[in-house]
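Text of start29.cif, listed as mmCIF, C-alpha atoms:
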data_query
loop_
_atom_site.label_atom_id
_atom_site.label_comp_id
_atom_site.auth_asym_id
_atom_site.auth_seq_id
_atom_site.Cartn_x
_atom_site.Cartn_y
_atom_site.Cartn_z
CA MET I 1 25.28 73.45 83.83
CA LEU I 2 25.08 71.58 80.62
CA VAL I 3 22.50 68.88 81.01
CA GLY I 4 21.28 66.33 78.53
CA ILE I 5 23.83 65.17 76.02
CA PRO I 6 27.23 65.05 77.71
CA LEU I 7 30.19 66.68 76.04
CA GLU I 8 32.78 64.26 74.86
CA GLN I 9 36.12 65.47 76.10
CA SER I 10 38.02 63.85 73.26
CA LYS I 11 36.37 66.28 70.81
CA SER I 12 38.61 69.10 71.82
CA THR I 13 41.79 67.30 70.83
CA ILE I 14 40.91 65.96 67.39
CA LYS I 15 42.27 67.63 64.27
CA PRO I 16 40.17 70.29 62.52
CA LYS I 17 39.84 68.22 59.37
CA GLU I 18 38.49 65.15 61.15
CA CYS I 19 36.23 67.41 63.13
CA ALA I 20 34.90 68.99 59.93
CA VAL I 21 34.12 65.57 58.48
CA GLU I 22 32.43 64.51 61.69
CA MET I 23 30.33 67.66 61.94
CA SER I 24 29.52 67.43 58.28
CA ASP I 25 28.15 63.90 58.80
CA TYR I 26 26.03 65.09 61.72
CA LEU I 27 24.57 67.88 59.61
CA VAL I 28 23.60 65.35 56.94
CA GLU I 29 21.92 63.23 59.63
CA VAL I 30 19.99 66.30 60.78
CA ALA I 31 18.96 67.15 57.23
CA GLN I 32 17.90 63.64 56.25
CA LYS I 33 16.60 62.13 59.47
CA ARG I 34 15.89 65.15 61.63
CA CYS I 35 18.19 63.44 64.12
CA LYS I 36 18.11 65.38 67.38
CA LYS I 37 21.11 63.56 68.76
CA SER I 38 23.27 64.60 65.81
CA PHE I 39 22.00 68.13 66.17
CA ALA I 40 22.96 68.13 69.84
CA ARG I 41 26.52 67.16 68.88
CA VAL I 42 26.74 69.98 66.37
CA PHE I 43 25.20 72.29 68.92
CA ASN I 44 27.55 71.30 71.71
CA TYR I 45 30.55 71.91 69.53
CA PHE I 46 29.49 75.18 67.97
CA ALA I 47 27.22 76.94 70.49
CA PRO I 48 29.94 77.82 73.05
CA ARG I 49 32.26 78.96 70.24
CA LEU I 50 29.48 81.03 68.70
CA ARG I 51 28.72 82.52 72.08
CA SER I 52 32.33 83.55 72.53
CA TYR I 53 32.39 85.09 69.02
CA ALA I 54 29.07 86.84 69.68
CA LEU I 55 30.17 88.20 73.04
CA LYS I 56 33.27 89.72 71.47
CA GLN I 57 31.23 91.24 68.66
CA MET I 58 28.13 92.42 70.52
CA GLY I 59 29.56 92.93 74.00
CA ASN I 60 26.27 91.91 75.57
CA GLU I 61 25.25 88.54 77.01
CA ALA I 62 21.57 88.74 76.02
CA LEU I 63 22.36 89.71 72.44
CA ALA I 64 25.07 87.08 72.27
CA MET I 65 22.65 84.34 73.34
CA GLU I 66 20.07 85.62 70.87
CA LEU I 67 22.68 85.29 68.14
CA VAL I 68 23.54 81.74 69.25
CA GLN I 69 19.89 80.73 69.32
CA ASP I 70 19.04 82.27 65.94
CA THR I 71 22.09 80.78 64.30
CA MET I 72 21.51 77.28 65.68
CA SER I 73 17.78 77.48 64.81
CA ASN I 74 18.77 78.10 61.22
CA VAL I 75 21.19 75.18 61.34
CA TRP I 76 18.36 72.93 62.57
CA GLN I 77 15.75 74.17 60.13
CA LYS I 78 17.97 74.53 57.09
CA ALA I 79 20.48 71.75 57.46
CA HIS I 80 19.49 70.53 53.98
CA LEU I 81 21.05 73.67 52.52
CA PHE I 82 24.47 72.73 53.86
CA ASN I 83 26.72 71.47 51.10
CA ALA I 84 29.97 69.86 52.21
CA GLU I 85 31.44 70.33 48.73
CA LYS I 86 31.07 74.09 49.03
CA GLY I 87 32.76 74.46 52.39
CA SER I 88 33.26 73.21 55.89
CA PRO I 89 30.52 73.18 58.56
CA SER I 90 32.31 75.94 60.46
CA THR I 91 32.39 78.19 57.38
CA TRP I 92 28.69 77.59 56.78
CA ILE I 93 27.74 78.24 60.39
CA PHE I 94 30.01 81.27 60.62
CA THR I 95 28.37 82.85 57.56
CA ILE I 96 24.91 82.24 59.04
CA ALA I 97 25.98 83.88 62.32
CA ARG I 98 27.68 86.76 60.51
CA ASN I 99 24.50 87.41 58.49
CA ILE I 100 22.30 87.35 61.56
CA ARG I 101 24.64 89.71 63.39
CA PHE I 102 24.67 92.08 60.39
CA ASP I 103 20.85 92.25 60.45
CA MET I 104 20.72 92.50 64.26
CA LEU I 105 23.04 95.52 64.20
CA ARG I 106 20.89 97.22 61.59
CA LYS I 107 17.80 96.65 63.71
CA LEU I 108 19.55 98.01 66.79
CA GLN I 109 20.29 101.17 64.83
CA ASN I 110 16.56 101.41 64.06
CA ARG I 111 17.12 101.05 60.40
CA LYS I 112 14.30 100.12 58.15
CA GLU I 113 14.39 97.04 55.99
CA ASP I 114 16.92 98.21 53.43
CA VAL I 115 20.16 96.43 52.68
CA CYS I 116 19.86 93.01 54.27
CA SER I 117 22.40 90.26 54.69
CA ASP I 118 20.66 87.94 52.23
CA ASP I 119 21.38 90.38 49.42
CA LEU I 120 25.04 90.46 50.26
CA TRP I 121 25.64 86.85 51.23
CA PRO I 122 22.89 84.51 50.00
CA VAL I 123 23.85 81.71 52.38
CA LEU I 124 20.30 80.53 53.06
CA CYS I 125 18.91 81.53 49.73
CA GLU I 126 15.65 79.59 49.66
CA GLN I 127 14.23 82.51 51.61
CA THR I 128 12.44 85.14 49.62
CA ALA I 129 12.82 88.67 50.86
CA ASP I 130 9.76 90.88 50.79
CA LEU I 131 9.97 93.50 48.13
CA ASN I 132 8.26 96.61 49.30
CA GLU I 133 8.19 99.41 46.84
CA ALA I 134 8.73 102.89 48.12
CA PRO I 135 7.64 105.90 46.16
CA LEU I 136 10.61 107.78 44.79
CA ASP I 137 10.92 111.51 45.22
CA GLU I 138 10.97 113.67 42.23
CA GLN I 139 14.40 114.62 41.12
CA VAL I 140 15.55 118.13 40.45
CA THR I 141 17.47 118.19 37.23
CA LEU I 142 19.98 120.64 35.85
CA GLU I 143 17.46 121.48 33.16
CA GLN I 144 14.83 122.37 35.74
CA ILE I 145 17.33 124.57 37.56
CA GLY I 146 18.22 126.26 34.28
CA TYR I 147 14.56 126.85 33.60
CA LEU I 148 13.89 128.29 37.05
CA PHE I 149 17.01 130.43 36.78
CA GLU I 150 15.63 131.98 33.60
CA SER I 151 12.51 133.04 35.45
CA LEU I 152 14.41 135.10 38.05
CA PRO I 153 14.09 138.91 37.97
CA VAL I 154 16.76 140.43 35.74
CA LYS I 155 18.78 142.05 38.55
CA GLN I 156 18.89 138.89 40.66
CA LYS I 157 19.74 136.83 37.63
CA ALA I 158 22.74 139.01 36.83
CA VAL I 159 24.14 138.59 40.36
CA ILE I 160 23.54 134.83 40.43
CA GLU I 161 25.07 134.40 37.00
CA ALA I 162 28.21 136.31 37.96
CA ILE I 163 28.67 134.43 41.24
CA TYR I 164 27.60 130.89 40.44
CA ILE I 165 28.39 130.60 36.76
CA ASP I 166 31.34 132.92 36.28
CA GLY I 167 32.66 132.13 39.73
CA LYS I 168 33.22 135.74 40.79
CA SER I 169 33.31 136.91 44.38
CA GLN I 170 30.53 139.08 45.75
CA GLN I 171 32.96 142.02 45.99
CA GLU I 172 33.96 141.64 42.34
CA VAL I 173 30.31 141.63 41.35
CA ALA I 174 29.66 144.75 43.41
CA ASP I 175 32.57 146.55 41.74
CA GLU I 176 31.56 145.41 38.29
CA LEU I 177 27.90 146.38 38.59
CA ASP I 178 28.81 149.48 40.61
CA ILE I 179 26.41 148.66 43.42
CA PRO I 180 27.05 148.32 47.18
CA LEU I 181 28.27 144.95 48.46
CA GLY I 182 25.21 144.76 50.75
CA THR I 183 22.96 144.94 47.72
CA VAL I 184 24.82 142.06 46.04
CA LYS I 185 24.41 140.01 49.21
CA SER I 186 20.72 140.71 49.56
CA ARG I 187 20.05 140.03 45.87
CA THR I 188 21.90 136.73 46.13
CA ARG I 189 19.94 135.77 49.22
CA LEU I 190 16.62 136.73 47.67
CA ALA I 191 17.40 134.87 44.46
CA LEU I 192 18.39 131.69 46.30
CA GLN I 193 15.29 131.93 48.48
CA ARG I 194 13.19 132.32 45.38
CA LEU I 195 14.82 129.37 43.64
CA LYS I 196 14.38 127.29 46.74
CA GLY I 197 10.71 128.28 46.96
CA MET I 198 10.17 127.35 43.33
CA LEU I 199 11.92 124.01 43.79
CA GLN I 200 9.83 123.18 46.81
CA SER I 201 6.52 124.14 45.18
CA ASN I 202 7.64 121.95 42.29
CA ASP I 203 7.83 118.91 44.53
CA MET O 1 40.05 94.30 32.53
CA ILE O 2 39.32 95.24 36.12
CA ARG O 3 42.09 97.44 37.53
CA PHE O 4 40.41 99.03 40.53
CA HIS O 5 39.40 96.90 43.51
CA PRO O 6 38.32 97.44 47.10
CA SER O 7 41.30 97.44 49.47
CA ALA O 8 42.22 94.18 51.24
CA GLN O 9 41.14 95.85 54.49
CA GLN O 10 37.71 96.62 52.98
CA LEU O 11 37.32 93.04 51.79
CA VAL O 12 38.24 91.67 55.22
CA SER O 13 35.76 94.01 56.95
CA PHE O 14 33.15 93.01 54.39
CA VAL O 15 33.60 89.33 55.22
CA ASP O 16 33.43 90.13 58.91
CA GLY O 17 30.16 92.02 58.36
CA ASN O 18 31.63 95.26 59.64
CA LEU O 19 31.27 97.52 56.62
CA SER O 20 28.24 99.81 56.45
CA PRO O 21 25.32 98.33 54.51
CA ALA O 22 25.76 100.78 51.62
CA VAL O 23 29.48 100.09 51.23
CA SER O 24 28.86 96.35 51.67
CA LEU O 25 26.46 96.56 48.76
CA MET O 26 29.14 98.14 46.55
CA VAL O 27 31.79 95.61 47.59
CA SER O 28 29.39 92.70 47.12
CA ALA O 29 28.39 93.89 43.64
CA HIS O 30 32.06 94.31 42.73
CA CYS O 31 32.75 90.74 43.87
CA ASP O 32 29.94 89.53 41.62
CA MET O 33 31.94 90.93 38.71
CA CYS O 34 35.48 90.25 39.90
CA SER O 35 36.70 86.68 40.27
CA THR O 36 39.92 87.81 41.99
CA CYS O 37 38.07 89.53 44.83
CA GLN O 38 35.51 86.72 44.93
CA ARG O 39 38.28 84.20 45.60
CA PHE O 40 39.84 86.46 48.19
CA VAL O 41 36.48 86.75 49.97
CA GLU O 42 35.97 82.97 49.92
CA GLN O 43 39.41 82.34 51.38
CA GLU O 44 39.00 85.04 53.98
CA THR O 45 35.61 83.63 54.98
CA GLU O 46 37.14 80.21 55.50
CA ARG O 47 40.09 81.64 57.40
CA LEU O 48 37.89 83.73 59.67
CA ALA O 49 35.40 80.91 60.25
CA GLY O 50 38.29 78.62 61.05
CA SER O 51 39.84 80.95 63.55
CA LEU O 52 36.54 81.75 65.21
CA LEU O 53 34.80 78.42 65.30
CA GLN O 54 37.43 75.74 64.89
CA ASP O 55 39.67 76.86 67.69
CA ASN O 56 40.46 73.53 69.29
CA GLY O 57 42.09 75.01 72.32
CA PHE O 58 38.65 76.24 73.25
CA LYS O 59 37.75 75.67 76.85
CA GLN O 60 34.20 75.15 77.97
CA VAL O 61 34.01 77.95 80.48
CA ASP O 62 30.88 79.44 81.90
CA LEU O 63 28.12 77.08 81.00
CA LYS O 64 25.58 78.85 83.13
CA ALA O 65 23.47 79.26 80.06
CA ASP O 66 20.93 76.52 79.86
CA TYR O 67 21.85 75.03 76.53
CA SER O 68 19.70 71.95 76.88
CA ALA O 69 16.56 74.06 77.07
CA MET O 70 17.72 75.88 74.00
CA ILE O 71 18.32 72.65 72.13
CA ALA O 72 14.88 71.40 73.11
CA GLN O 73 13.26 74.60 71.96
CA ILE O 74 15.12 74.70 68.67
CA THR O 75 14.41 71.09 67.76
CA GLN O 76 10.68 71.58 68.23
CA ALA O 77 10.54 73.54 65.00
CA PRO O 78 10.08 71.68 61.73
CA SER O 79 12.70 71.98 59.01
CA SER O 80 12.06 74.73 56.51
CA VAL O 81 11.32 72.00 53.95
CA GLU O 82 8.62 70.54 56.20
CA ALA O 83 7.27 74.02 56.83
CA ASP O 84 7.01 74.57 53.09
CA THR O 85 5.32 71.24 52.54
CA GLY O 86 2.77 72.09 55.20
CA LEU O 87 1.98 75.24 53.32
CA ASN O 88 1.58 73.39 50.07
CA GLN O 89 -0.86 70.94 51.55
CA LYS O 90 -3.06 73.80 52.62
CA GLU O 91 -2.83 75.53 49.29
CA ILE O 92 -2.06 72.81 46.83
CA SER O 93 -2.68 74.91 43.77
CA ARG O 94 -0.42 77.73 44.86
CA LYS O 95 3.22 77.67 45.77
CA PRO O 96 3.85 81.23 46.82
CA SER O 97 7.53 80.98 47.65
CA SER O 98 8.64 79.31 44.46
CA LYS O 99 6.43 81.61 42.42
CA THR O 100 8.10 84.70 43.82
CA GLU O 101 11.44 83.09 43.15
CA VAL O 102 10.62 82.64 39.48
CA SER O 103 9.36 86.15 38.92
CA LYS O 104 12.35 87.51 40.81
CA ALA O 105 14.79 85.50 38.76
CA ALA O 106 13.21 86.79 35.58
CA ILE O 107 14.23 90.37 36.30
CA HIS O 108 17.96 90.76 36.19
CA SER O 109 18.50 93.69 33.92
CA ILE O 110 17.49 97.32 33.64
CA GLU O 111 16.51 98.99 30.43
CA LEU O 112 17.38 102.36 28.99
CA ASP O 113 16.42 103.47 25.52
CA GLY O 114 15.89 99.93 24.25
CA ARG O 115 19.19 98.65 25.65
CA ASN O 116 19.23 96.04 28.38
CA PHE O 117 21.93 96.04 31.00
CA VAL O 118 22.33 92.86 33.00
CA LEU O 119 23.14 93.75 36.60
CA PRO O 120 25.45 91.99 39.05
CA ARG O 121 23.47 89.58 41.28
CA THR O 122 23.65 91.83 44.36
CA LEU O 123 22.05 94.75 42.54
CA GLN O 124 19.27 92.72 40.94
CA ARG O 125 17.07 92.94 44.01
CA TYR O 126 17.19 96.72 43.74
CA ILE O 127 15.70 96.81 40.26
CA GLU O 128 12.25 97.05 41.85
CA LYS O 129 13.45 99.96 43.93
CA THR O 130 14.85 101.84 40.97
CA GLY O 131 12.96 104.90 39.78
CA GLY O 132 12.55 106.04 36.21
CA TRP O 133 15.33 107.57 34.17
CA SER O 134 15.56 111.32 34.14
CA SER O 135 17.81 113.50 32.09
CA LEU O 136 20.44 115.40 34.06
CA VAL O 137 22.07 117.35 31.27
CA GLY O 138 22.58 116.38 27.66
CA LYS O 139 23.75 112.77 27.25
CA LEU O 140 23.59 112.06 30.95
CA TRP O 141 20.82 110.01 32.56
CA GLN O 142 20.08 109.13 36.13
CA ALA O 143 17.81 106.57 37.80
CA PRO O 144 17.63 106.74 41.61
CA VAL O 145 17.66 103.60 43.75
CA ASP O 146 15.97 103.76 47.14
CA LEU O 147 18.19 102.20 49.78
CA GLY O 148 15.85 103.09 52.65
CA SER O 149 17.69 104.76 55.48
CA GLN O 150 21.01 104.19 53.76
CA GLY O 151 20.30 107.10 51.43
CA VAL O 152 20.07 107.24 47.72
CA ALA O 153 22.12 105.43 45.18
CA ASN O 154 21.93 106.12 41.47
CA PHE O 155 22.43 104.39 38.22
CA ILE O 156 24.05 106.93 35.96
CA TYR O 157 24.32 106.43 32.26
CA MET O 158 26.74 108.52 30.23
CA ALA O 159 26.09 108.32 26.51
CA LYS O 160 29.10 108.85 24.25
CA GLY O 161 30.43 112.33 24.97
CA GLY O 162 28.33 112.59 28.12
CA SER O 163 29.96 114.09 31.18
CA VAL O 164 29.17 114.80 34.84
CA PRO O 165 30.07 118.42 35.67
CA GLU O 166 33.38 118.78 37.52
CA HIS O 167 32.83 118.16 41.20
CA THR O 168 34.44 117.34 44.48
CA HIS O 169 32.92 115.45 47.40
CA ARG O 170 31.84 116.58 50.83
CA GLY O 171 31.52 112.98 51.91
CA THR O 172 32.42 109.81 50.10
CA GLU O 173 31.46 108.56 46.67
CA TYR O 174 31.60 104.90 45.64
CA THR O 175 31.19 104.04 41.99
CA LEU O 176 30.99 100.66 40.30
CA VAL O 177 31.26 100.48 36.53
CA ILE O 178 28.49 98.15 35.37
CA ASN O 179 28.96 98.32 31.64
CA GLY O 180 31.22 100.38 29.43
CA GLU O 181 34.17 102.69 29.95
CA PHE O 182 34.70 106.19 31.20
CA SER O 183 37.52 108.44 32.28
CA ASP O 184 37.59 111.24 34.82
CA GLY O 185 40.77 113.11 34.06
CA ILE O 186 42.60 110.95 36.63
CA ASN O 187 42.14 107.42 35.30
CA ASN O 188 40.35 105.31 32.73
CA TYR O 189 37.79 102.90 34.11
CA ASP O 190 36.28 99.74 32.69
CA SER O 191 33.42 97.38 33.59
CA GLY O 192 33.77 96.01 37.12
CA ASP O 193 36.07 98.77 38.40
CA PHE O 194 35.43 99.87 41.97
CA ILE O 195 36.14 103.57 42.54
CA PHE O 196 36.32 105.42 45.84
CA MET O 197 36.40 109.22 46.00
CA ASP O 198 36.29 111.72 48.83
CA GLY O 199 36.93 115.40 49.51
CA GLN O 200 40.50 115.10 48.27
CA ASN O 201 39.41 114.25 44.75
CA THR O 202 37.99 116.59 42.15
CA HIS O 203 37.02 114.94 38.92
CA THR O 204 34.96 115.23 35.74
CA PRO O 205 33.66 111.81 34.71
CA ARG O 206 33.21 111.55 30.97
CA SER O 207 32.52 108.72 28.58
CA ASP O 208 33.86 108.66 25.03
CA ASN O 209 32.95 105.02 24.59
CA ALA O 210 30.71 104.42 21.56
CA GLN O 211 28.49 102.25 23.78
CA GLY O 212 28.41 104.83 26.55
CA CYS O 213 28.84 103.78 30.15
CA LEU O 214 26.52 102.66 32.94
CA VAL O 215 27.69 103.09 36.52
CA PHE O 216 26.14 102.51 39.93
CA THR O 217 27.05 105.12 42.49
CA ILE O 218 26.43 105.88 46.16
CA VAL O 219 27.20 109.24 47.77
CA ASP O 220 26.67 109.91 51.46
CA GLN O 221 26.77 113.69 51.07
CA PRO O 222 25.74 115.90 48.16
CA LEU O 223 28.35 116.49 45.48
CA HIS O 224 29.98 119.87 45.34
CA PHE O 225 30.18 121.15 41.81
CA THR O 226 33.26 123.18 41.10
CA SER O 227 32.69 124.89 37.77
CA GLY O 228 30.22 126.09 35.18
CA ILE O 229 26.47 126.40 35.45
CA ALA O 230 26.51 123.29 37.64
CA ARG O 231 27.79 125.51 40.46
CA LEU O 232 24.25 126.81 40.62
CA LEU O 233 23.26 123.38 41.85
CA ASN O 234 25.40 123.59 44.97
CA PRO O 235 22.93 125.42 47.20
CA PHE O 236 20.40 122.77 46.20
CA SER O 237 22.52 119.69 45.82
CA HIS O 238 20.93 118.28 48.97
CA LEU O 239 17.71 118.27 46.95
CA PHE O 240 19.42 117.05 43.83
CA PHE O 241 21.23 114.07 45.28
CA ARG O 242 18.95 113.29 48.14
#

Final structure tokens representation of the file:
Amino acid sequence: MLVGIPLEQSKSTIKPKECAVEMSDYLVEVAQKRCKKSFARVFNYFAPRLRSYALKQMGNEALAMELVQDTMSNVWQKAHLFNAEKGSPSTWIFTIARNIRFDMLRKLQNRKEDVCSDDLWPVLCEQTADLNEAPLDEQVTLEQIGYLFESLPVKQKAVIEAIYIDGKSQQEVADELDIPLGTVKSRTRLALQRLKGMLQSND
Amino acid sequence: MIRFHPSAQQLVSFVDGNLSPAVSLMVSAHCDMCSTCQRFVEQETERLAGSLLQDNGFKQVDLKADYSAMIAQITQAPSSVEADTGLNQKEISRKPSSKTEVSKAAIHSIELDGRNFVLPRTLQRYIEKTGGWSSLVGKLWQAPVDLGSQGVANFIYMAKGGSVPEHTHRGTEYTLVINGEFSDGINNYDSGDFIFMDGQNTHTPRSDNAQGCLVFTIVDQPLHFTSGIARLLNPFSHLFFR
């Protein structure tokens, strides 16, 4: 049961535009006077709608309520960032909810702090994201590969060159060098293993 | 002029928050550069918000949830302005949040060989996560960007005459042209163009622009090189584009 501030039934029949103006005024009251009554009006209008949106998107009551609570907390704490000239209250609140959902989904997938909603949609941009620097792995370059390739034993090099650079099949190489196909295969395998070993010890 | 854009479907999914983080990043950076897509995204956001939250036929069903407790809990918290002020009173000499903001705002370009490239807003945060430039082959430079679990993205700079060896894709490749022009034997691309490639496309990107070309690219699987000495990279391309 909804206790506290009663819902005004007439709200549901007014036109969207009037509603936007009304909600917009309440948000200003919240921002300037920290008016709890105005917040309750905004809450009563948006929370059930947000819950319905969240239920459809997350398919889970607990997550849906978490989304409602987080979104409305942001509305309360950051009402001063709402700018009626930039868009309607519903657009602002939708973008906050969308951002929170985006980050919630990433967390559910156990993803580390990487791409976060603030980067994509800076709706509440007074926040500063923490910038943690991760060490970057060394890159293997074509030049390094070329260098390592040069250090292969002559017989392996010939096979690798014919297959990977000239694009010949293993059978063609066998015919050309007049060696058994099995030998071509084993030389290729050994050469690749060797290159791989060298690349890894390079790391 | 920008000729290549994300599809309308991609833009709609982006607004809805349903694209993967990596692809969202590409779309968002493109929108920073493309006023057409930016407008589309704004309109779509309004439309979606309207349909989701303004629905006036909405009926107040199932109010089991105790909203009044939630309201009470929420309104206990101070506004973020008050929270900031509280912090400043404790540490009057230091304003950590605004300080970070300033130093962050100062970095909006990356540098290569004395040239500065201003990045789209979305990519500016990743400057700190960008590694040093390394040479791939002559006239081609690469700087990796750590996207955490989303894999690795790269800035690739093609100097005039520089070319990426012919390759196809095992997964998908998204490219955004940051500055300059290049062609790949299929099309010519200019700053702001958004390019999507997958296993059906084989191409050889090459820049003949006097100023060269800087692109930002994300691949979810290693490239598969199709000709020349670059074929040697294939067994190791998981190391190369990791």

Next item on the list: Please evaluate the PyMOL selection byres ((chain O and resi 40-51) around 9) against the displayed coordinates and give the resulting residues as number ranges by chain.
Entry: I: 16, 87-88, 90-95; O: 8, 11-12, 14-16, 31, 35-39, 52-55

Deliver the residues from the most recent selection as a file, using C-alpha atoms, as a PDB file, in the frame of the given file.
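The resulting out38.pdb:
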ATOM      1  CA  PRO I  16      40.170  70.290  62.520  1.00  0.00           C
ATOM      2  CA  GLY I  87      32.760  74.460  52.390  1.00  0.00           C
ATOM      3  CA  SER I  88      33.260  73.210  55.890  1.00  0.00           C
ATOM      4  CA  SER I  90      32.310  75.940  60.460  1.00  0.00           C
ATOM      5  CA  THR I  91      32.390  78.190  57.380  1.00  0.00           C
ATOM      6  CA  TRP I  92      28.690  77.590  56.780  1.00  0.00           C
ATOM      7  CA  ILE I  93      27.740  78.240  60.390  1.00  0.00           C
ATOM      8  CA  PHE I  94      30.010  81.270  60.620  1.00  0.00           C
ATOM      9  CA  THR I  95      28.370  82.850  57.560  1.00  0.00           C
TER      10      THR I  95
ATOM     11  CA  ALA O   8      42.220  94.180  51.240  1.00  0.00           C
ATOM     12  CA  LEU O  11      37.320  93.040  51.790  1.00  0.00           C
ATOM     13  CA  VAL O  12      38.240  91.670  55.220  1.00  0.00           C
ATOM     14  CA  PHE O  14      33.150  93.010  54.390  1.00  0.00           C
ATOM     15  CA  VAL O  15      33.600  89.330  55.220  1.00  0.00           C
ATOM     16  CA  ASP O  16      33.430  90.130  58.910  1.00  0.00           C
ATOM     17  CA  CYS O  31      32.750  90.740  43.870  1.00  0.00           C
ATOM     18  CA  SER O  35      36.700  86.680  40.270  1.00  0.00           C
ATOM     19  CA  THR O  36      39.920  87.810  41.990  1.00  0.00           C
ATOM     20  CA  CYS O  37      38.070  89.530  44.830  1.00  0.00           C
ATOM     21  CA  GLN O  38      35.510  86.720  44.930  1.00  0.00           C
ATOM     22  CA  ARG O  39      38.280  84.200  45.600  1.00  0.00           C
ATOM     23  CA  LEU O  52      36.540  81.750  65.210  1.00  0.00           C
ATOM     24  CA  LEU O  53      34.800  78.420  65.300  1.00  0.00           C
ATOM     25  CA  GLN O  54      37.430  75.740  64.890  1.00  0.00           C
ATOM     26  CA  ASP O  55      39.670  76.860  67.690  1.00  0.00           C
TER      27      ASP O  55
END

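Evaluated on this file, the PyMOL selection byres ((chain I and resi 120) around 7) matches Ser117, Asp118, Asp119, Trp121 and Pro122 of chain I; Leu25, Ser28 and Thr122 of chain O.
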
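When atom CA of Leu63 of chain I is paired with atom CA of Ser24 of chain O, their separation reads 22.8 Å.
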
Margin query: Translate the PyMOL selection byres ((chain O and resi 172) around 7) into a concrete residue list for this structure, as a PyMOL selection string.
Written below: chain O and resi 169-171+173-174+197-198+219-221

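The nearest approach to chain I among the residues O:Asp193, O:Glu111, O:Asp208, O:Glu82, with all atoms listed in the file taken into account, belongs to O:Glu82.
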
Check: What separation in Å, quoted to one decimal, exists between atom CA of Thr204 of chain O and atom CA of Ile110 of chain O?
Finding: 25.1 Å

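Of the residues listed (I:Ile163, I:Val115, I:Leu55, I:Leu27), I:Val115 shows the shortest atom-to-atom separation from chain O; distances use all atoms listed in the file.
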
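Of the residues under consideration (O:His30, O:Leu176, O:Met1, O:His167), O:His167 shows the shortest atom-to-atom contact distance to Gln200 of chain O when counting all atoms listed in the file.
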
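Between atom CA of Val118 of chain O and atom CA of Val123 of chain I the interatomic distance comes to 22.4 Å.
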
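Closest approach to chain I from the set O:Asn116, O:Asn154, O:Ser109, O:Ser191 is made by O:Asn154, with distances taken over all atoms listed in the file.
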
Next item on the list: Using all atoms listed in the file, find the one residue out of I:Arg194, I:Leu108, I:Trp76, I:Ser186 that sits nearest to chain O.
Entry: I:Trp76

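The smallest atom-to-atom distance between chain O and any of I:Gln77, I:Thr71, I:Asn60, I:Ser24, using all atoms listed in the file, is found for I:Gln77.
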
Check: Any idea what's packed within 9 Å of Phe102 of chain I, counting all atoms listed in the file, ignoring anything in its chain fewer than 3 positions away? Could you give it as a VMD selection string?
Finding: (chain I and resid 97 to 99 105 to 107 116 to 117) or (chain O and resid 17 to 18 21)
